[in-house]
file model-v4.cif (mmCIF, C-alpha atoms)
data_input
loop_
_atom_site.label_atom_id
_atom_site.label_comp_id
_atom_site.auth_asym_id
_atom_site.auth_seq_id
_atom_site.Cartn_x
_atom_site.Cartn_y
_atom_site.Cartn_z
CA TYR A 1 0.00 0.00 0.00
CA GLN A 2 2.98 2.28 0.52
CA ARG A 3 3.66 1.92 -3.21
CA ARG A 4 0.43 3.64 -4.22
CA VAL A 5 0.18 4.72 -7.82
CA HIS A 6 -1.51 8.07 -8.49
CA GLY A 7 -4.56 7.76 -10.70
CA ASP A 8 -5.76 4.52 -12.19
CA ILE A 9 -2.66 3.73 -14.27
CA LEU A 10 0.10 1.38 -13.22
CA SER A 11 3.46 2.36 -14.75
CA VAL A 12 5.78 -0.59 -15.13
CA TYR A 13 9.52 0.14 -15.10
CA PHE A 14 12.07 -2.62 -15.69
CA PHE A 15 15.55 -1.85 -14.38
CA SER A 16 18.84 -3.65 -14.43
CA ARG A 17 18.87 -5.45 -11.10
CA PHE A 18 16.12 -7.96 -11.85
CA SER A 19 17.37 -8.43 -15.40
CA THR A 20 20.88 -9.02 -14.08
CA TYR A 21 19.58 -11.59 -11.58
CA LEU A 22 17.71 -13.61 -14.19
CA PHE A 23 20.56 -13.22 -16.66
CA SER A 24 22.97 -14.65 -14.09
CA LEU A 25 20.85 -17.79 -13.83
CA THR A 26 21.71 -18.57 -17.45
CA MET A 27 25.50 -18.06 -17.19
CA SER A 28 27.57 -21.18 -17.87
CA CYS A 29 31.25 -21.36 -16.93
CA CYS A 30 33.37 -22.75 -19.72
CA GLY A 31 36.09 -24.05 -17.43
CA GLY A 32 39.84 -23.78 -17.97
CA GLY A 33 41.95 -23.70 -21.07
CA GLY A 34 41.74 -19.95 -21.44
CA LYS A 35 38.01 -20.04 -22.15
CA SER A 36 35.86 -17.28 -20.74
CA CYS A 37 32.36 -17.43 -19.35
CA LYS A 38 29.82 -16.33 -21.93
CA PRO A 39 26.14 -15.66 -21.36
CA GLU A 40 23.66 -18.09 -22.84
CA LYS A 41 20.03 -17.08 -22.73
CA GLN A 42 17.77 -19.83 -21.42
CA PRO A 43 14.04 -19.22 -21.89
CA LEU A 44 11.48 -20.83 -19.60
CA GLU A 45 10.72 -24.08 -21.43
CA THR A 46 9.12 -26.34 -18.81
CA GLU A 47 6.85 -26.16 -15.78
CA LYS A 48 9.89 -26.91 -13.63
CA ASP A 49 11.77 -23.96 -15.14
CA VAL A 50 8.90 -21.67 -14.14
CA GLU A 51 8.63 -23.13 -10.64
CA ASN A 52 12.36 -22.80 -9.97
CA ALA A 53 12.55 -19.24 -11.30
CA VAL A 54 9.59 -18.12 -9.16
CA LYS A 55 10.95 -19.85 -6.04
CA GLU A 56 14.39 -18.31 -6.50
CA TYR A 57 13.16 -14.80 -7.18
CA TYR A 58 10.49 -14.54 -4.50
CA GLY A 59 12.32 -16.70 -1.98
CA LYS A 60 15.89 -15.43 -2.23
CA THR A 61 16.29 -12.38 -4.46
CA LEU A 62 13.53 -10.13 -3.15
CA GLU A 63 14.16 -8.86 0.37
CA THR A 64 11.26 -6.39 0.50
CA SER A 65 8.71 -4.93 -1.92
CA LYS A 66 11.19 -2.09 -2.55
CA ASP A 67 13.27 -4.57 -4.55
CA LEU A 68 10.52 -5.03 -7.14
CA LYS A 69 11.51 -3.50 -10.45
CA THR A 70 8.00 -3.05 -11.85
CA SER A 71 4.69 -1.98 -10.39
CA ALA A 72 2.71 -4.83 -11.97
CA CYS A 73 2.83 -6.70 -8.67
CA CYS A 74 1.95 -3.70 -6.52
CA VAL A 75 -1.40 -2.46 -5.25
CA SER A 76 -2.89 -0.03 -7.75
CA GLN A 77 -5.79 1.47 -5.82
CA ARG A 78 -6.38 2.47 -2.25
CA PRO A 79 -8.00 -0.47 -0.43
CA PRO A 80 -11.30 -0.08 1.43
CA GLN A 81 -11.04 1.61 4.82
CA TYR A 82 -11.79 -1.59 6.71
CA VAL A 83 -8.71 -3.18 5.09
CA MET A 84 -6.59 -0.11 5.86
CA ASP A 85 -7.65 -0.27 9.50
CA ALA A 86 -6.75 -3.97 9.72
CA LEU A 87 -3.44 -3.39 7.96
CA ARG A 88 -2.25 -1.17 10.80
CA LEU A 89 -2.13 -4.22 13.07
CA VAL A 90 -0.05 -6.34 10.69
CA PRO A 91 3.66 -6.58 11.63
CA ASP A 92 5.90 -4.23 9.62
CA ILE A 93 8.11 -7.04 8.29
CA ILE A 94 5.03 -8.78 6.85
CA GLN A 95 3.98 -5.61 5.07
CA ALA A 96 7.48 -4.94 3.76
CA LYS A 97 7.52 -8.31 1.95
CA PHE A 98 4.15 -7.89 0.25
CA TYR A 99 4.06 -8.40 -3.53
CA GLY A 100 0.35 -8.28 -4.44
CA CYS A 101 -1.51 -6.35 -7.16
CA GLY A 102 -4.91 -5.73 -5.57
CA SER A 103 -7.08 -5.94 -2.49
CA PRO A 104 -8.85 -9.33 -2.67
CA ILE A 105 -10.27 -9.30 0.86
CA PRO A 106 -14.05 -8.93 0.97
CA PRO A 107 -15.78 -7.85 4.17
CA ASN A 108 -18.02 -9.73 6.61
CA LEU A 109 -16.05 -12.96 7.01
CA GLU A 110 -17.03 -13.83 10.58
CA GLY A 111 -16.73 -17.56 11.24
CA LEU A 112 -15.57 -18.46 7.72
CA THR A 113 -12.72 -20.70 6.64
CA VAL A 114 -10.52 -18.67 4.27
CA LEU A 115 -7.76 -20.07 2.06
CA ASP A 116 -5.03 -17.83 0.58
CA LEU A 117 -3.35 -19.28 -2.53
CA GLY A 118 0.30 -18.24 -2.71
CA CYS A 119 0.15 -16.41 0.61
CA GLY A 120 3.83 -15.41 0.67
CA THR A 121 4.68 -13.92 4.05
CA GLY A 122 0.98 -13.84 4.86
CA ARG A 123 -0.05 -10.20 4.74
CA ASP A 124 -3.56 -10.92 3.43
CA CYS A 125 -3.90 -13.82 5.91
CA TYR A 126 -3.10 -11.51 8.82
CA ILE A 127 -5.75 -9.09 7.59
CA ALA A 128 -8.38 -11.80 7.01
CA ALA A 129 -7.71 -13.30 10.46
CA GLN A 130 -9.06 -10.09 12.01
CA PHE A 131 -12.36 -10.56 10.16
CA VAL A 132 -12.98 -14.29 10.64
CA GLY A 133 -12.83 -13.88 14.42
CA THR A 134 -12.52 -16.57 17.08
CA THR A 135 -14.66 -19.10 15.22
CA GLY A 136 -13.05 -18.78 11.81
CA LYS A 137 -9.78 -19.95 10.27
CA VAL A 138 -7.31 -18.61 7.71
CA ILE A 139 -5.01 -21.02 5.87
CA GLY A 140 -2.09 -19.79 3.79
CA ILE A 141 -0.49 -22.01 1.14
CA ASP A 142 2.91 -21.23 -0.37
CA MET A 143 5.76 -23.20 -1.94
CA THR A 144 8.55 -20.91 -0.74
CA ASP A 145 10.23 -21.77 2.56
CA GLU A 146 11.76 -18.34 3.07
CA GLN A 147 8.41 -16.56 2.91
CA LEU A 148 6.64 -19.14 5.06
CA ASP A 149 9.32 -18.75 7.73
CA VAL A 150 8.45 -15.06 8.01
CA ALA A 151 4.70 -15.73 8.00
CA ARG A 152 4.93 -18.30 10.80
CA ALA A 153 7.35 -16.32 12.95
CA HIS A 154 4.76 -13.70 13.90
CA ALA A 155 1.52 -15.70 13.89
CA VAL A 156 1.38 -16.77 17.54
CA ASN A 157 2.08 -13.31 18.98
CA PHE A 158 -0.32 -11.71 16.52
CA CYS A 159 -3.18 -14.01 17.53
CA ARG A 160 -2.38 -13.56 21.22
CA ASP A 161 -2.40 -9.77 20.96
CA LEU A 162 -5.79 -9.83 19.22
CA LYS A 163 -7.14 -12.43 21.65
CA LEU A 164 -7.63 -14.92 18.83
CA PRO A 165 -7.00 -18.67 19.16
CA ALA A 166 -3.56 -19.60 17.88
CA THR A 167 -5.26 -21.97 15.43
CA VAL A 168 -6.85 -19.09 13.50
CA LEU A 169 -3.69 -18.64 11.41
CA ASP A 170 -2.31 -21.75 9.70
CA PHE A 171 0.55 -21.53 7.19
CA ARG A 172 1.33 -24.62 5.11
CA LYS A 173 3.91 -25.46 2.49
CA GLY A 174 2.32 -26.68 -0.69
CA TYR A 175 1.41 -26.02 -4.30
CA ILE A 176 -1.70 -24.19 -5.40
CA GLU A 177 -2.11 -26.80 -8.15
CA LYS A 178 -2.17 -29.62 -5.55
CA LEU A 179 -4.22 -28.44 -2.61
CA SER A 180 -5.11 -31.92 -1.35
CA GLU A 181 -1.42 -32.62 -0.77
CA ALA A 182 -1.39 -29.64 1.61
CA GLY A 183 -4.27 -31.11 3.58
CA ILE A 184 -7.06 -29.07 1.98
CA ALA A 185 -10.08 -31.35 1.71
CA ASP A 186 -12.75 -31.00 -0.96
CA SER A 187 -15.69 -28.78 -0.01
CA SER A 188 -13.95 -27.51 3.12
CA VAL A 189 -13.40 -23.81 2.39
CA ASP A 190 -15.86 -20.90 2.37
CA LEU A 191 -13.67 -18.33 0.62
CA ILE A 192 -10.47 -18.52 -1.42
CA ILE A 193 -8.37 -15.40 -1.93
CA SER A 194 -5.18 -14.85 -3.94
CA ASN A 195 -3.11 -11.80 -4.81
CA CYS A 196 -1.17 -11.76 -8.09
CA VAL A 197 -0.15 -15.42 -7.85
CA VAL A 198 -2.26 -17.42 -10.31
CA ASN A 199 -0.42 -15.83 -13.25
CA LEU A 200 2.85 -17.29 -11.90
CA SER A 201 1.55 -20.86 -12.15
CA SER A 202 2.44 -22.85 -15.25
CA ASN A 203 -0.79 -24.86 -14.90
CA LYS A 204 -3.54 -22.34 -14.29
CA ALA A 205 -6.34 -24.72 -15.28
CA GLU A 206 -5.27 -27.04 -12.46
CA VAL A 207 -5.25 -24.12 -10.01
CA LEU A 208 -8.85 -23.35 -10.91
CA ARG A 209 -9.93 -26.98 -10.71
CA ASN A 210 -8.34 -27.32 -7.27
CA ALA A 211 -9.95 -24.10 -6.08
CA TYR A 212 -13.37 -25.24 -7.23
CA ALA A 213 -12.97 -28.60 -5.53
CA ALA A 214 -11.86 -27.04 -2.23
CA LEU A 215 -14.81 -24.63 -2.01
CA LYS A 216 -18.07 -25.48 -0.32
CA ASN A 217 -21.20 -25.01 -2.39
CA GLY A 218 -21.98 -21.30 -2.21
CA GLY A 219 -18.30 -20.50 -1.67
CA GLU A 220 -16.26 -18.03 -3.67
CA PHE A 221 -12.86 -17.56 -5.28
CA TYR A 222 -12.21 -13.82 -4.84
CA PHE A 223 -8.81 -12.81 -6.22
CA ALA A 224 -6.66 -10.17 -7.88
CA ASP A 225 -4.31 -10.90 -10.77
CA VAL A 226 -2.76 -9.57 -13.97
CA PHE A 227 -4.50 -10.34 -17.27
CA CYS A 228 -4.01 -9.46 -20.93
CA ASP A 229 -6.29 -8.42 -23.79
CA ARG A 230 -4.81 -11.07 -26.10
CA ARG A 231 -2.73 -14.26 -26.17
CA LEU A 232 0.93 -13.37 -25.83
CA PRO A 233 3.52 -14.53 -28.34
CA GLU A 234 5.71 -17.46 -27.29
CA ALA A 235 8.80 -15.27 -26.90
CA ALA A 236 6.97 -13.13 -24.34
CA VAL A 237 5.64 -16.10 -22.38
CA LYS A 238 9.12 -17.64 -22.15
CA ASP A 239 10.89 -14.42 -21.21
CA SER A 240 12.16 -14.71 -17.64
CA VAL A 241 11.85 -11.01 -16.84
CA LEU A 242 8.28 -10.76 -18.07
CA TYR A 243 7.25 -13.93 -16.26
CA GLY A 244 8.90 -13.07 -12.96
CA GLU A 245 7.25 -9.67 -12.93
CA CYS A 246 3.75 -11.16 -13.41
CA LEU A 247 3.30 -10.26 -17.09
CA GLY A 248 4.61 -13.21 -19.13
CA GLY A 249 2.18 -15.55 -17.39
CA ALA A 250 -0.81 -13.24 -17.71
CA LEU A 251 -3.78 -14.99 -19.31
CA TYR A 252 -5.85 -13.56 -22.15
CA ILE A 253 -9.04 -12.42 -20.38
CA ARG A 254 -11.37 -14.52 -22.53
CA ASP A 255 -9.15 -17.59 -22.13
CA PHE A 256 -9.27 -17.17 -18.36
CA GLU A 257 -13.05 -16.85 -18.29
CA ASN A 258 -13.46 -19.94 -20.47
CA MET A 259 -10.98 -21.80 -18.26
CA ALA A 260 -12.89 -20.76 -15.15
CA LYS A 261 -16.15 -21.97 -16.66
CA ALA A 262 -14.56 -25.29 -17.58
CA ALA A 263 -13.45 -25.69 -13.96
CA GLY A 264 -17.04 -25.19 -12.79
CA PHE A 265 -17.20 -21.43 -12.19
CA THR A 266 -20.12 -20.89 -14.57
CA ASP A 267 -20.35 -17.10 -14.37
CA PRO A 268 -17.04 -15.37 -13.45
CA ARG A 269 -17.52 -11.68 -12.66
CA SER A 270 -14.91 -8.90 -12.71
CA LEU A 271 -15.15 -6.36 -9.91
CA SER A 272 -12.44 -3.86 -10.88
CA ARG A 273 -9.92 -3.33 -13.66
CA VAL A 274 -6.83 -1.09 -13.72
CA PRO A 275 -4.54 -0.76 -16.78
CA VAL A 276 -0.86 -1.70 -16.59
CA THR A 277 1.68 -0.10 -18.94
CA ILE A 278 5.21 -1.13 -19.90
CA GLU A 279 7.85 1.53 -20.51
CA ASP A 280 10.86 -0.69 -21.26
CA SER A 281 11.39 -0.77 -25.04
CA ARG A 282 12.72 -4.35 -25.25
CA LEU A 283 9.84 -5.78 -23.28
CA ARG A 284 7.36 -3.60 -25.12
CA GLY A 285 8.71 -5.11 -28.32
CA LEU A 286 8.08 -8.61 -26.99
CA VAL A 287 4.42 -8.00 -26.22
CA GLY A 288 3.62 -5.75 -29.19
CA GLU A 289 0.32 -3.94 -28.75
CA ALA A 290 -0.88 -6.22 -25.96
CA LYS A 291 -2.56 -4.41 -23.05
CA PHE A 292 -2.34 -5.63 -19.45
CA PHE A 293 -4.78 -5.12 -16.60
CA SER A 294 -4.88 -5.76 -12.88
CA ILE A 295 -8.34 -7.30 -12.37
CA VAL A 296 -10.23 -8.45 -9.29
CA TYR A 297 -12.42 -11.44 -10.16
CA ARG A 298 -15.05 -13.19 -8.12
CA CYS A 299 -16.03 -16.73 -9.09
CA PHE A 300 -18.84 -18.45 -7.17
CA LYS A 301 -19.27 -22.19 -6.78
CA ILE A 302 -23.03 -22.47 -7.09
CA SER A 303 -25.13 -25.15 -8.73
CA GLY A 304 -27.95 -23.87 -10.92
CA LEU A 305 -26.15 -20.98 -12.61
CA GLU A 306 -26.93 -20.63 -16.30
CA PRO A 307 -24.33 -20.06 -19.08
CA GLY A 308 -25.88 -16.68 -19.87
CA CYS A 309 -27.85 -13.99 -18.09
CA GLU A 310 -31.58 -14.79 -18.25
CA ASP A 311 -34.58 -12.63 -17.35
CA TYR A 312 -37.25 -14.06 -15.05
CA GLY A 313 -38.45 -10.73 -13.71
CA GLN A 314 -36.63 -11.15 -10.40
CA VAL A 315 -35.89 -8.18 -8.15
CA ALA A 316 -33.12 -7.81 -5.56
CA THR A 317 -32.88 -5.20 -2.80
CA TYR A 318 -29.78 -4.40 -0.77
CA MET A 319 -30.73 -4.04 2.89
CA GLY A 320 -27.36 -2.71 4.05
CA GLY A 321 -25.01 -4.14 6.64
CA ILE A 322 -21.96 -4.99 4.54
CA GLN A 323 -18.86 -3.36 5.97
CA GLY A 324 -17.60 -0.51 3.81
CA SER A 325 -20.88 -0.34 1.84
CA PRO A 326 -23.34 1.64 4.01
CA ASP A 327 -25.30 3.19 1.13
CA GLY A 328 -24.74 0.79 -1.77
CA TYR A 329 -22.93 -2.38 -2.79
CA ASP A 330 -21.03 -3.39 -5.93
CA LEU A 331 -21.48 -7.08 -6.70
CA ASP A 332 -19.24 -6.60 -9.72
CA SER A 333 -18.31 -3.89 -12.21
CA THR A 334 -21.80 -3.79 -13.79
CA HIS A 335 -24.08 -4.51 -10.82
CA HIS A 336 -24.47 -1.75 -8.23
CA PHE A 337 -27.22 -1.94 -5.62
CA THR A 338 -28.40 1.19 -3.84
CA LYS A 339 -29.57 0.46 -0.31
CA GLY A 340 -33.34 0.05 -0.17
CA LYS A 341 -33.86 0.34 -3.94
CA PRO A 342 -35.42 -2.69 -5.70
CA THR A 343 -33.33 -3.62 -8.75
CA LEU A 344 -34.12 -5.98 -11.62
CA VAL A 345 -31.55 -8.79 -11.83
CA CYS A 346 -30.83 -11.84 -13.95
CA SER A 347 -31.33 -15.29 -12.50
CA ASN A 348 -27.58 -15.81 -11.93
CA THR A 349 -27.30 -12.61 -9.92
CA ALA A 350 -30.39 -13.59 -7.94
CA ILE A 351 -28.73 -16.89 -7.01
CA MET A 352 -25.45 -15.19 -6.08
CA LEU A 353 -27.30 -12.88 -3.72
CA SER A 354 -29.51 -15.55 -2.15
CA GLU A 355 -27.31 -18.69 -1.95
CA THR A 356 -23.95 -17.32 -0.76
CA ARG A 357 -22.67 -15.45 2.29
CA LEU A 358 -24.39 -12.36 0.80
CA LYS A 359 -27.89 -13.71 1.49
CA GLY A 360 -28.19 -11.99 4.84
CA TYR A 361 -27.86 -8.57 3.23
CA PHE A 362 -30.31 -8.88 0.30
CA THR A 363 -33.90 -9.78 -0.33
CA VAL A 364 -34.71 -11.44 -3.65
CA ALA A 365 -38.27 -11.51 -4.94
CA GLY A 366 -39.65 -13.60 -7.77
CA SER A 367 -39.07 -17.07 -9.16
CA THR A 368 -37.90 -18.70 -12.38
CA GLY A 369 -41.39 -19.82 -13.33
CA VAL A 370 -41.75 -17.47 -16.32
CA HIS A 371 -38.88 -16.65 -18.70
CA PHE A 372 -38.80 -13.24 -20.38
CA GLY A 373 -35.71 -13.77 -22.56
CA SER A 374 -32.10 -12.77 -22.12
CA PHE A 375 -31.12 -10.22 -19.48
CA PRO A 376 -28.90 -7.24 -20.47
CA CYS A 377 -26.16 -7.68 -17.84
#
call {"tool": "encode", "arguments": {"input": "model-v4.cif", "output": "structure tokens"}}
result
Amino acid sequence: YQRRVHGDILSVYFFSRFSTYLFSLTMSCCGGGGKSCKPEKQPLETEKDVENAVKEYYGKTLETSKDLKTSACCVSQRPPQYVMDALRLVPDIIQAKFYGCGSPIPPNLEGLTVLDLGCGTGRDCYIAAQFVGTTGKVIGIDMTDEQLDVARAHAVNFCRDLKLPATVLDFRKGYIEKLSEAGIADSSVDLIISNCVVNLSSNKAEVLRNAYAALKNGGEFYFADVFCDRRLPEAAVKDSVLYGECLGGALYIRDFENMAKAAGFTDPRSLSRVPVTIEDSRLRGLVGEAKFFSIVYRCFKISGLEPGCEDYGQVATYMGGIQGSPDGYDLDSTHHFTKGKPTLVCSNTAIMLSETRLKGYFTVAGSTGVHFGSFPC
């Protein structure tokens, strides 16, 4: 949050330190006989290449968020006040090692089980722990030992100071593509969050399938990540600098939404979108005219959702009570509900408001007995 960007534009600057680091990974010594060491560029060819590069960079190279050489993995907008208030109680060292691109922490989480994919040093977990209370639980999953060491080091004292059970915060080593191996059972989680991590996975479809399996019915995957307006050329995807800075692995928006639907998230909704720009000429040349965005998505696991928005004449009314939304509530970027005002909604939106944790804050009138055609969502 201390790296706020003025306005709604993220400016991405690539400097020499990160490039030098990745370049050094590809150096091969030629041995004796008067031969000198010459650089040999090694693109990311396999899933293991990606995993090792991410582990090395986020586990060993980065000391704090000040070491980041772009702003793609930095928060672009001021978070809600309730998040800012909770952030003040998070240890400074946890905040200093934060590398996220958004604020994927919804309000009103009392008693929920929350899972953070790629939690790093746990900043978002420490925030969420303050909202789940004494009856909830926050589990952080990460594959990097160095970051988990920091996350765990402060958990006990943090919970004690807030008079929370020590079991509220639980940090586990594991892979976001293999949640069961980290002890995450199917249908055991109410909410999954993630902050600029899914793009770093080389198997994003498996991440989404695992997330869907872990969620209870009515649960939600609420996350921030970097996306692109087109499929990137192979040279860009395999470029170590672009990938490490959360751009080379960015999915084409439509590909992501189709992938989410294939995993079971029938109607993914975007909540916010902020453009990302690249100033470095070499990297700009790799991506051409591609445009990048930091997007917050929310994907509900609900049976009964339809592939499209359908009109059954249903009406939803926001009754208030959601923290940070006293006068109105944004379900997503196209659905705003003014408190007390009845609003026509499609059947999918009606289900989202009546069969998830949001149901206590809305009334939904009408049924699906009569169909009036498609709904202009």
call {"tool": "resolve_selection", "arguments": {"input": "model-v4.cif", "expression": "the PyMOL selection byres ((chain A and resi 270) around 10)", "output": "tab-separated table (two decimals) with C-alpha atoms, keeping the file's coordinate frame"}}
result
chain	number	residue	atom	x	y	z
A	222	TYR	CA	-12.21	-13.82	-4.84
A	223	PHE	CA	-8.81	-12.81	-6.22
A	224	ALA	CA	-6.66	-10.17	-7.88
A	257	GLU	CA	-13.05	-16.85	-18.29
A	267	ASP	CA	-20.35	-17.10	-14.37
A	268	PRO	CA	-17.04	-15.37	-13.45
A	269	ARG	CA	-17.52	-11.68	-12.66
A	271	LEU	CA	-15.15	-6.36	-9.91
A	272	SER	CA	-12.44	-3.86	-10.88
A	273	ARG	CA	-9.92	-3.33	-13.66
A	295	ILE	CA	-8.34	-7.30	-12.37
A	296	VAL	CA	-10.23	-8.45	-9.29
A	297	TYR	CA	-12.42	-11.44	-10.16
A	298	ARG	CA	-15.05	-13.19	-8.12
A	299	CYS	CA	-16.03	-16.73	-9.09
A	331	LEU	CA	-21.48	-7.08	-6.70
A	332	ASP	CA	-19.24	-6.60	-9.72
A	333	SER	CA	-18.31	-3.89	-12.21
A	334	THR	CA	-21.80	-3.79	-13.79
call {"tool": "resolve_selection", "arguments": {"input": "model-v4.cif", "expression": "the PyMOL selection byres ((chain A and resi 306) around 12)", "output": "list in words"}}
result
Lys261, Gly264, Phe265, Thr266, Asp267, Pro268, Ile302, Ser303, Gly304, Leu305, Pro307, Gly308, Cys309, Glu310, Asp311, Cys346, Ser347, Asn348, Thr349, Ala350, Ile351, Met352, Thr368, Ser374 and Phe375 of chain A
call {"tool": "resolve_selection", "arguments": {"input": "model-v4.cif", "expression": "the PyMOL selection byres ((chain A and resi 130-134) around 6)", "output": "list in words"}}
result
Leu109, Glu110, Gly111, Leu112, Ile127, Ala128, Ala129, Thr135, Gly136 and Leu164 of chain A
call {"tool": "closest_residue", "arguments": {"input": "model-v4.cif", "among": "A:Phe362, A:Tyr312, A:Phe171, A:Phe293", "to": "Ala153 in chain A", "atoms": "only C-alpha atoms"}}
result
A:Phe171
call {"tool": "atom_distance", "arguments": {"input": "model-v4.cif", "atom1": "CA of Leu148 in chain A", "atom2": "CA of Ile184 in chain A"}}
result
17.2 Å
call {"tool": "closest_residue", "arguments": {"input": "model-v4.cif", "among": "A:Pro106, A:Gly248, A:Gly183, A:Gly218", "to": "Arg231 in chain A", "atoms": "only C-alpha atoms"}}
result
A:Gly248
call {"tool": "atom_distance", "arguments": {"input": "model-v4.cif", "atom1": "CA of Asp190 in chain A", "atom2": "CA of Met143 in chain A"}}
result
22.2 Å
call {"tool": "atom_distance", "arguments": {"input": "model-v4.cif", "atom1": "CA of Val241 in chain A", "atom2": "CA of Leu283 in chain A"}}
result
8.5 Å
call {"tool": "residues_near_point", "arguments": {"input": "model-v4.cif", "point": "(-7.1, -8.3, -16.8)", "cutoff": "8 Å", "atoms": "all atoms listed in the file", "output": "list of chain:residue names"}}
result
A:Asp225, A:Val226, A:Phe227, A:Cys228, A:Asp229, A:Leu251, A:Tyr252, A:Ile253, A:Arg273, A:Val274, A:Pro275, A:Phe292, A:Phe293, A:Ser294, A:Ile295
call {"tool": "residues_around", "arguments": {"input": "model-v4.cif", "residues": "Arg209 in chain A", "least_positions_apart": "4", "cutoff": "12 Å", "atoms": "all atoms listed in the file", "output": "list of chain:residue names"}}
result
A:Ile176, A:Glu177, A:Lys178, A:Leu179, A:Ser180, A:Asp186, A:Asn203, A:Lys204, A:Ala205, A:Ala213, A:Ala214, A:Leu215, A:Phe221, A:Met259, A:Ala260, A:Lys261, A:Ala262, A:Ala263, A:Gly264, A:Phe265, A:Lys301
call {"tool": "closest_residue", "arguments": {"input": "model-v4.cif", "among": "A:Pro80, A:Gly360, A:Gly373, A:Pro104", "to": "Glu220 in chain A", "atoms": "only C-alpha atoms"}}
result
A:Pro104
call {"tool": "residues_around", "arguments": {"input": "model-v4.cif", "residues": "Tyr82 in chain A", "least_positions_apart": "6", "cutoff": "9 Å", "atoms": "all atoms listed in the file", "output": "mmCIF file with C-alpha atoms, in the coordinates of the input"}}
result
data_model
loop_
_atom_site.group_PDB
_atom_site.id
_atom_site.type_symbol
_atom_site.label_atom_id
_atom_site.label_comp_id
_atom_site.auth_asym_id
_atom_site.auth_seq_id
_atom_site.Cartn_x
_atom_site.Cartn_y
_atom_site.Cartn_z
ATOM 1 C CA PRO A 107 -15.780 -7.850 4.170
ATOM 2 C CA GLN A 323 -18.860 -3.360 5.970
ATOM 3 C CA GLY A 324 -17.600 -0.510 3.810
#
call {"tool": "residues_around", "arguments": {"input": "model-v4.cif", "residues": "Gly249 in chain A", "least_positions_apart": "3", "cutoff": "8 Å", "atoms": "only C-alpha atoms", "output": "PDB file with C-alpha atoms, keeping the file's coordinate frame"}}
result
ATOM      1  CA  ASN A 199      -0.420 -15.830 -13.250  1.00  0.00           C
ATOM      2  CA  LEU A 200       2.850 -17.290 -11.900  1.00  0.00           C
ATOM      3  CA  SER A 201       1.550 -20.860 -12.150  1.00  0.00           C
ATOM      4  CA  SER A 202       2.440 -22.850 -15.250  1.00  0.00           C
ATOM      5  CA  VAL A 237       5.640 -16.100 -22.380  1.00  0.00           C
ATOM      6  CA  LEU A 242       8.280 -10.760 -18.070  1.00  0.00           C
ATOM      7  CA  TYR A 243       7.250 -13.930 -16.260  1.00  0.00           C
ATOM      8  CA  CYS A 246       3.750 -11.160 -13.410  1.00  0.00           C
TER       9      CYS A 246
END
call {"tool": "closest_residue", "arguments": {"input": "model-v4.cif", "among": "A:Ile94, A:Ala250, A:Val287, A:Cys125", "to": "Val198 in chain A", "atoms": "all atoms listed in the file"}}
result
A:Ala250
call {"tool": "closest_residue", "arguments": {"input": "model-v4.cif", "among": "A:Phe158, A:Val315, A:Ser325, A:Gly340", "to": "Val364 in chain A", "atoms": "all atoms listed in the file"}}
result
A:Val315
call {"tool": "closest_residue", "arguments": {"input": "model-v4.cif", "among": "A:Asp92, A:Asp149, A:Asp85, A:Asp142", "to": "Asp116 in chain A", "atoms": "all atoms listed in the file"}}
result
A:Asp142
call {"tool": "decode", "arguments": {"input": "model-v4.cif", "residues": "range 235-241 of chain A", "atoms": "N, CA, C and O atoms", "output": "CSV table (one decimal), in the first residue's frame"}}
result
chain,number,residue,atom,x,y,z
A,235,ALA,N,7.6,-15.9,-27.4
A,235,ALA,CA,8.8,-15.3,-26.9
A,235,ALA,C,8.5,-14.5,-25.6
A,235,ALA,O,9.4,-14.4,-24.7
A,236,ALA,N,7.3,-13.9,-25.5
A,236,ALA,CA,7.0,-13.1,-24.3
A,236,ALA,C,6.7,-14.1,-23.2
A,236,ALA,O,7.1,-13.8,-22.0
A,237,VAL,N,6.0,-15.2,-23.4
A,237,VAL,CA,5.6,-16.1,-22.4
A,237,VAL,C,6.9,-16.7,-21.8
A,237,VAL,O,7.0,-17.0,-20.6
A,238,LYS,N,7.9,-17.0,-22.6
A,238,LYS,CA,9.1,-17.6,-22.2
A,238,LYS,C,10.2,-16.7,-21.6
A,238,LYS,O,11.2,-17.1,-21.1
A,239,ASP,N,9.9,-15.4,-21.7
A,239,ASP,CA,10.9,-14.4,-21.2
A,239,ASP,C,10.9,-14.4,-19.7
A,239,ASP,O,9.9,-14.2,-19.0
A,240,SER,N,12.1,-14.6,-19.1
A,240,SER,CA,12.2,-14.7,-17.6
A,240,SER,C,11.8,-13.4,-16.9
A,240,SER,O,11.1,-13.4,-15.9
A,241,VAL,N,12.2,-12.3,-17.5
A,241,VAL,CA,11.8,-11.0,-16.8
A,241,VAL,C,10.3,-10.8,-16.8
A,241,VAL,O,9.7,-10.5,-15.8
